[in-house]
>>> print(open('structure.cif').read())   # mmCIF, C-alpha atoms and all ligand atoms
data_coords
loop_
_atom_site.label_atom_id
_atom_site.label_comp_id
_atom_site.auth_asym_id
_atom_site.auth_seq_id
_atom_site.Cartn_x
_atom_site.Cartn_y
_atom_site.Cartn_z
CA MET A 52 -57.30 111.09 43.33
CA TRP A 53 -54.96 108.10 43.35
CA HIS A 54 -53.47 109.23 46.68
CA ILE A 55 -56.93 109.51 48.26
CA LEU A 56 -57.73 105.97 47.09
CA MET A 57 -54.48 104.77 48.69
CA PHE A 58 -55.46 106.50 51.94
CA GLY A 59 -58.83 104.69 51.81
CA LEU A 60 -57.13 101.37 51.08
CA GLY A 61 -54.87 102.00 54.08
CA LEU A 62 -57.92 102.49 56.32
CA ILE A 63 -59.35 99.16 55.13
CA ILE A 64 -56.03 97.32 55.56
CA GLY A 65 -55.72 98.95 59.00
CA SER A 66 -59.09 97.52 59.95
CA PHE A 67 -57.86 94.09 58.85
CA LEU A 68 -54.62 94.59 60.84
CA ASN A 69 -56.75 95.12 63.96
CA VAL A 70 -58.15 91.62 63.45
CA VAL A 71 -54.61 90.23 62.98
CA ILE A 72 -53.43 92.02 66.15
CA TYR A 73 -56.41 90.89 68.22
CA ARG A 74 -56.26 87.27 67.09
CA SER A 75 -52.46 87.01 67.39
CA THR A 76 -52.45 88.26 70.96
CA ARG A 77 -54.98 85.72 72.23
CA GLU A 78 -54.48 82.02 72.73
CA GLY A 79 -56.69 79.68 70.78
CA LEU A 80 -57.85 82.15 68.15
CA LYS A 81 -57.20 81.37 64.51
CA LEU A 82 -56.47 84.09 62.00
CA TRP A 83 -59.17 83.01 59.53
CA ASP A 84 -61.70 81.36 61.79
CA PRO A 85 -64.33 82.69 62.19
CA PRO A 86 -64.09 84.53 58.85
CA TYR A 87 -66.18 87.46 60.10
CA SER A 88 -65.48 90.19 62.67
CA PHE A 89 -67.03 89.79 66.10
CA CYS A 90 -67.24 91.84 69.26
CA PRO A 91 -64.55 90.54 71.66
CA ASN A 92 -66.97 91.04 74.56
CA CYS A 93 -70.39 89.70 73.47
CA LYS A 94 -69.05 87.65 70.52
CA ARG A 95 -71.83 88.88 68.23
CA LYS A 96 -71.07 89.24 64.55
CA ILE A 97 -70.34 92.83 63.50
CA GLN A 98 -72.46 93.93 60.52
CA TRP A 99 -70.73 95.61 57.59
CA TYR A 100 -72.27 99.00 58.43
CA ASP A 101 -70.69 98.84 61.89
CA ASN A 102 -67.37 97.78 60.40
CA VAL A 103 -66.51 100.81 58.26
CA PRO A 104 -62.99 101.92 59.24
CA LEU A 105 -62.83 105.06 61.40
CA LEU A 106 -66.41 106.14 60.52
CA SER A 107 -68.14 103.35 62.47
CA TYR A 108 -66.04 104.06 65.53
CA ILE A 109 -67.17 107.69 65.46
CA LEU A 110 -70.84 106.88 64.73
CA LEU A 111 -70.97 104.22 67.46
CA LYS A 112 -69.20 106.65 69.83
CA GLY A 113 -66.57 103.99 70.48
CA ARG A 114 -68.97 101.34 71.82
CA CYS A 115 -70.34 97.99 70.64
CA ARG A 116 -73.88 98.37 69.24
CA TYR A 117 -75.15 95.33 71.17
CA CYS A 118 -73.44 95.22 74.54
CA GLY A 119 -72.00 98.73 74.88
CA TRP A 120 -68.44 97.38 75.31
CA LYS A 121 -65.93 100.17 75.01
CA ILE A 122 -63.90 99.61 71.82
CA PRO A 123 -60.19 100.22 72.60
CA LEU A 124 -58.75 103.40 71.10
CA ARG A 125 -56.20 101.13 69.42
CA TYR A 126 -58.76 100.30 66.68
CA PRO A 127 -59.20 103.78 65.16
CA ILE A 128 -55.51 104.56 65.84
CA VAL A 129 -54.30 101.54 63.80
CA GLU A 130 -56.76 102.38 60.98
CA LEU A 131 -55.73 106.03 60.79
CA LEU A 132 -52.02 105.20 61.10
CA THR A 133 -52.21 102.67 58.25
CA GLY A 134 -54.17 105.16 56.12
CA VAL A 135 -51.58 107.91 56.68
CA VAL A 136 -48.62 105.56 56.03
CA PHE A 137 -50.23 104.30 52.78
CA LEU A 138 -50.79 107.91 51.71
CA LEU A 139 -47.11 108.70 52.42
CA ASN A 140 -46.06 105.57 50.50
CA SER A 141 -48.12 106.55 47.48
CA LEU A 142 -46.70 110.08 47.53
CA LEU A 143 -43.08 108.89 47.80
CA MET A 144 -42.67 105.61 45.90
CA LYS A 145 -41.63 105.92 42.28
CA ASP A 146 -43.28 102.85 40.76
CA SER A 147 -46.05 100.41 41.55
CA LEU A 148 -43.81 97.52 42.61
CA ASP A 149 -42.02 99.76 45.13
CA LEU A 150 -45.42 101.00 46.32
CA PHE A 151 -46.68 97.46 46.76
CA LEU A 152 -43.53 96.42 48.67
CA ALA A 153 -43.61 99.55 50.85
CA CYS A 154 -47.27 98.94 51.76
CA THR A 155 -46.59 95.26 52.53
CA ILE A 156 -43.62 96.15 54.75
CA SER A 157 -45.37 98.99 56.57
CA SER A 158 -48.56 96.97 57.21
CA SER A 159 -46.51 94.12 58.67
CA LEU A 160 -44.51 96.58 60.80
CA ILE A 161 -47.71 98.12 62.22
CA ALA A 162 -49.08 94.69 63.17
CA ILE A 163 -45.67 93.68 64.62
CA SER A 164 -45.49 96.86 66.74
CA PHE A 165 -48.88 96.45 68.39
CA ILE A 166 -48.51 92.68 68.91
CA ASP A 167 -45.04 93.17 70.45
CA LEU A 168 -46.34 95.90 72.79
CA GLU A 169 -48.94 93.51 74.17
CA THR A 170 -47.18 90.16 74.17
CA PHE A 171 -43.42 90.82 73.80
CA LEU A 172 -43.56 88.38 70.90
CA ILE A 173 -43.39 88.84 67.13
CA PRO A 174 -45.13 86.22 64.96
CA ASP A 175 -42.65 84.59 62.57
CA TYR A 176 -44.86 84.95 59.50
CA LEU A 177 -44.94 88.75 59.92
CA ASN A 178 -41.16 88.92 60.38
CA PHE A 179 -40.74 86.71 57.33
CA THR A 180 -42.96 89.03 55.26
CA VAL A 181 -40.80 92.02 56.27
CA VAL A 182 -37.51 90.23 55.53
CA ALA A 183 -38.67 88.83 52.15
CA SER A 184 -40.17 92.14 50.93
CA SER A 185 -37.12 94.10 52.11
CA PHE A 186 -34.91 91.65 50.23
CA ILE A 187 -36.77 92.44 46.98
CA VAL A 188 -36.41 96.18 47.71
CA ALA A 189 -32.66 95.61 48.18
CA LEU A 190 -32.43 93.72 44.87
CA ARG A 191 -33.87 96.77 43.12
CA GLU A 192 -31.38 99.10 44.82
CA ARG A 193 -27.64 98.88 45.30
CA PHE A 194 -27.77 95.34 46.61
CA LEU A 195 -24.20 95.09 47.99
CA ASP A 196 -24.76 98.16 50.19
CA HIS A 197 -27.89 96.61 51.61
CA LEU A 198 -26.13 93.31 52.16
CA MET A 199 -23.40 95.13 54.07
CA ALA A 200 -26.01 96.88 56.23
CA PHE A 201 -27.62 93.50 56.84
CA PHE A 202 -24.37 92.07 58.20
CA ILE A 203 -23.60 95.15 60.30
CA VAL A 204 -27.06 95.20 61.92
CA THR A 205 -27.07 91.43 62.45
CA ALA A 206 -23.66 91.63 64.16
CA MET A 207 -24.80 94.56 66.34
CA PHE A 208 -27.89 92.68 67.46
CA LEU A 209 -26.13 89.42 68.13
CA VAL A 210 -23.70 91.31 70.40
CA LEU A 211 -26.68 93.07 72.07
CA LYS A 212 -28.41 89.73 72.48
CA PHE A 213 -25.28 88.28 74.08
CA PHE A 214 -25.18 90.98 76.78
CA TYR A 215 -28.89 91.44 77.15
CA ARG A 216 -30.08 87.88 76.87
CA ASP A 217 -33.46 88.09 78.59
CA GLY A 218 -34.44 91.56 77.48
CA LEU A 219 -34.07 91.00 73.78
CA GLY A 220 -36.18 88.37 72.05
CA MET A 221 -35.10 86.43 68.96
CA GLY A 222 -38.05 88.04 67.15
CA ASP A 223 -36.42 91.45 67.67
CA VAL A 224 -33.15 90.14 66.19
CA ILE A 225 -34.90 88.81 63.06
CA LEU A 226 -36.84 92.07 62.66
CA ALA A 227 -33.54 93.97 62.94
CA MET A 228 -32.12 91.79 60.16
CA GLY A 229 -35.10 92.81 58.01
CA MET A 230 -34.45 96.49 58.71
CA GLY A 231 -30.79 95.91 57.85
CA ILE A 232 -31.48 94.52 54.37
CA LEU A 233 -34.03 97.31 53.78
CA LEU A 234 -31.41 100.02 54.34
CA SER A 235 -27.84 100.82 53.41
CA PRO A 236 -25.15 100.93 56.12
CA PHE A 237 -25.30 104.55 57.31
CA PRO A 238 -29.11 104.84 57.60
CA ALA A 239 -29.18 101.34 59.14
CA ILE A 240 -26.81 102.34 61.95
CA ILE A 241 -28.84 105.49 62.63
CA ALA A 242 -32.05 103.41 62.67
CA VAL A 243 -30.60 101.00 65.22
CA LEU A 244 -29.38 103.91 67.38
CA VAL A 245 -32.81 105.62 67.21
CA ALA A 246 -34.51 102.31 68.08
CA SER A 247 -32.16 101.56 71.00
CA ILE A 248 -32.36 105.04 72.53
CA SER A 249 -36.16 105.29 72.23
CA GLY A 250 -36.59 101.71 73.48
CA ILE A 251 -34.47 102.36 76.55
CA LEU A 252 -36.25 105.69 77.23
CA PHE A 253 -39.58 103.85 76.98
CA ALA A 254 -38.36 101.22 79.45
CA LEU A 255 -37.14 103.93 81.85
CA ILE A 256 -40.47 105.75 81.73
CA ARG A 257 -42.40 102.52 82.16
CA GLY A 258 -40.15 101.38 85.02
CA LYS A 259 -40.35 104.86 86.62
CA GLY A 260 -36.62 105.50 86.32
CA LYS A 261 -35.55 102.06 87.44
CA MET A 262 -34.14 99.65 84.96
CA ASP A 263 -32.58 96.27 85.41
CA ILE A 264 -30.98 93.92 82.95
CA LYS A 265 -33.81 91.38 83.21
CA MET A 266 -36.50 93.82 82.16
CA ARG A 267 -38.09 93.01 78.83
CA ILE A 268 -38.36 95.80 76.31
CA PRO A 269 -40.69 95.48 73.33
CA PHE A 270 -38.09 96.56 70.74
CA GLY A 271 -40.36 95.84 67.76
CA PRO A 272 -42.21 99.19 67.64
CA PHE A 273 -38.97 101.18 67.98
CA LEU A 274 -37.12 99.17 65.35
CA ALA A 275 -40.11 99.49 63.04
CA LEU A 276 -40.41 103.24 63.59
CA GLY A 277 -36.66 103.91 63.27
CA GLY A 278 -36.15 101.54 60.33
CA TYR A 279 -39.14 102.62 58.29
CA THR A 280 -38.60 106.36 58.82
CA LEU A 281 -34.98 106.00 57.70
CA PHE A 282 -36.14 103.94 54.70
CA LEU A 283 -38.56 106.67 53.56
CA ILE A 284 -35.92 109.37 54.06
CA SER A 285 -33.11 107.54 52.27
CA TYR A 286 -35.43 106.36 49.49
CA THR A 287 -36.69 109.87 48.69
CA THR A 288 -33.43 111.76 49.09
CA ARG A 289 -31.36 109.00 47.42
CA TRP A 290 -29.09 109.38 50.43
CA LEU A 291 -28.09 105.75 50.31
ZN ZN B 301 -70.44 93.56 72.10
#
>>> encode(input="structure.cif", output="structure tokens")
Amino acid sequence: MWHILMFGLGLIIGSFLNVVIYRSTREGLKLWDPPYSFCPNCKRKIQWYDNVPLLSYILLKGRCRYCGWKIPLRYPIVELLTGVVFLLNSLLMKDSLDLFLACTISSSLIAISFIDLETFLIPDYLNFTVVASSFIVALRERFLDHLMAFFIVTAMFLVLKFFYRDGLGMGDVILAMGMGILLSPFPAIIAVLVASISGILFALIRGKGKMDIKMRIPFGPFLALGGYTLFLISYTTRWL
């Protein structure tokens, strides 16, 4: 029962993350103003019954009730993804503080991934949330191991940044630092390798086989995916 509640909470948080993603990727929109959800096309306020995660999207057949605007598939995807990740967190974490930290980190990572895909930027407050929560996770684990991973990953990314100046944003470097403190050295190195390989593959596919040094790669989603997967694996198997 508890796990189903966590899945439901994930759907609701996912719906909120959609607002964060939408408002962070557009100039002149504040996170809290207006305090209600509105249709990006006709600007009309969305009633609560049209704002139920996942269900409303299905009932409205993916369109705005008033203007018929096609709601991007990203909305139900983010809701479902957050629900599934919260469910996984509640199945795997051993106490409520770890569960809270894991949910905070994964929510921030989901928002970071989708914002980075659209804008190539990562908002500082989201990166800060990841780094601070990961730091508390590290304090509860073998802290020196995590600190070592932090320095290894930071060094790797500063070298990468030196050679790949334009392609790698400072936001990616800070996010990598967060993933470093979240993990111990061996999983951290694997996470960075997974992120780099999948990021470069993504860039190759997007650039249709061509790739030049100036091309920007949104590394956020790949770092998030690699880092968080390795965190869940090393946390559950105690392979740290
Ligand atoms: Zn509308």
>>> closest_residue(input="structure.cif", among="A:Gly119, A:Pro238, A:Pro269, A:Gly59", to="Thr288 of chain A", atoms="all atoms listed in the file")
A:Pro238
>>> residues_around(input="structure.cif", residues="segment 106-114 of chain A", least_positions_apart="5", cutoff="8 Å", atoms="all atoms listed in the file", output="PDB file with C-alpha atoms, keeping the file's coordinate frame")
ATOM      1  CA  TYR A 100     -72.270  99.000  58.430  1.00  0.00           C
ATOM      2  CA  ASP A 101     -70.690  98.840  61.890  1.00  0.00           C
ATOM      3  CA  GLY A 119     -72.000  98.730  74.880  1.00  0.00           C
ATOM      4  CA  TRP A 120     -68.440  97.380  75.310  1.00  0.00           C
ATOM      5  CA  LYS A 121     -65.930 100.170  75.010  1.00  0.00           C
ATOM      6  CA  ILE A 122     -63.900  99.610  71.820  1.00  0.00           C
ATOM      7  CA  PRO A 123     -60.190 100.220  72.600  1.00  0.00           C
ATOM      8  CA  LEU A 124     -58.750 103.400  71.100  1.00  0.00           C
ATOM      9  CA  PRO A 127     -59.200 103.780  65.160  1.00  0.00           C
TER      10      PRO A 127
END
>>> residues_near_ligand(input="structure.cif", ligand="ligand ZN 301 (chain B)", cutoff="9 Å", atoms="only C-alpha atoms and all ligand atoms", output="number ranges by chain")
A: 89-97, 114-122
>>> closest_residue(input="structure.cif", among="A:Tyr126, A:Ala275, A:Val188, A:Val245", to="Met144 of chain A", atoms="all atoms listed in the file")
A:Val188
>>> atom_distance(input="structure.cif", atom1="atom CA of Asp175 of chain A", atom2="atom CA of Phe151 of chain A")
20.8 Å
>>> residues_around(input="structure.cif", residues="Arg257 of chain A", least_positions_apart="6", cutoff="12 Å", atoms="only C-alpha atoms", output="list in words")
Gly250, Ile251, Met266, Arg267, Ile268 and Pro269 of chain A
>>> closest_residue(input="structure.cif", among="A:Pro104, A:Pro272, A:Gly134, A:Pro85", to="Ala227 of chain A", atoms="all atoms listed in the file")
A:Pro272
>>> atom_distance(input="structure.cif", atom1="atom CA of Phe282 of chain A", atom2="atom CA of Ile64 of chain A")
21.0 Å
>>> closest_residue(input="structure.cif", among="A:Pro236, A:Gly218, A:Gly258, A:Gly61", to="Glu130 of chain A", atoms="all atoms listed in the file")
A:Gly61
>>> closest_residue(input="structure.cif", among="A:Leu274, A:Met230, A:Ala239, A:Met57", to="Ser147 of chain A", atoms="all atoms listed in the file")
A:Met57
>>> closest_residue(input="structure.cif", among="A:Met199, A:Val224, A:Leu283, A:Arg125", to="Glu169 of chain A", atoms="all atoms listed in the file")
A:Arg125
>>> atom_distance(input="structure.cif", atom1="atom CA of Phe213 of chain A", atom2="atom CA of Ile173 of chain A")
19.4 Å
>>> residues_around(input="structure.cif", residues="segment 52-55 of chain A", least_positions_apart="3", cutoff="9 Å", atoms="only C-alpha atoms", output="ChimeraX atom specification")
/A:58-60,137-139,141-142
>>> residues_around(input="structure.cif", residues="Asn69 of chain A", least_positions_apart="3", cutoff="12 Å", atoms="only C-alpha atoms", output="ChimeraX atom specification")
/A:62-66,72-76,82,88-89,91,102,104-105,122-133,158-159,161-166
>>> residues_around(input="structure.cif", residues="Leu195 of chain A", least_positions_apart="5", cutoff="10 Å", atoms="all atoms listed in the file", output="JSON list (two decimals) with C-alpha atoms, in the coordinates of the input")
[["chain", "number", "residue", "atom", "x", "y", "z"],
["A", 189, "ALA", "CA", -32.66, 95.61, 48.18],
["A", 190, "LEU", "CA", -32.43, 93.72, 44.87],
["A", 200, "ALA", "CA", -26.01, 96.88, 56.23],
["A", 201, "PHE", "CA", -27.62, 93.50, 56.84],
["A", 232, "ILE", "CA", -31.48, 94.52, 54.37],
["A", 235, "SER", "CA", -27.84, 100.82, 53.41]]
>>> axis_aligned_box(input="structure.cif", around="segment 247-260 of chain A", padding_each_side="3 Å", output="JSON")
{"center_x": -37.3, "center_y": 103.5, "center_z": 78.8, "size_x": 16.2, "size_y": 10.5, "size_z": 21.6}
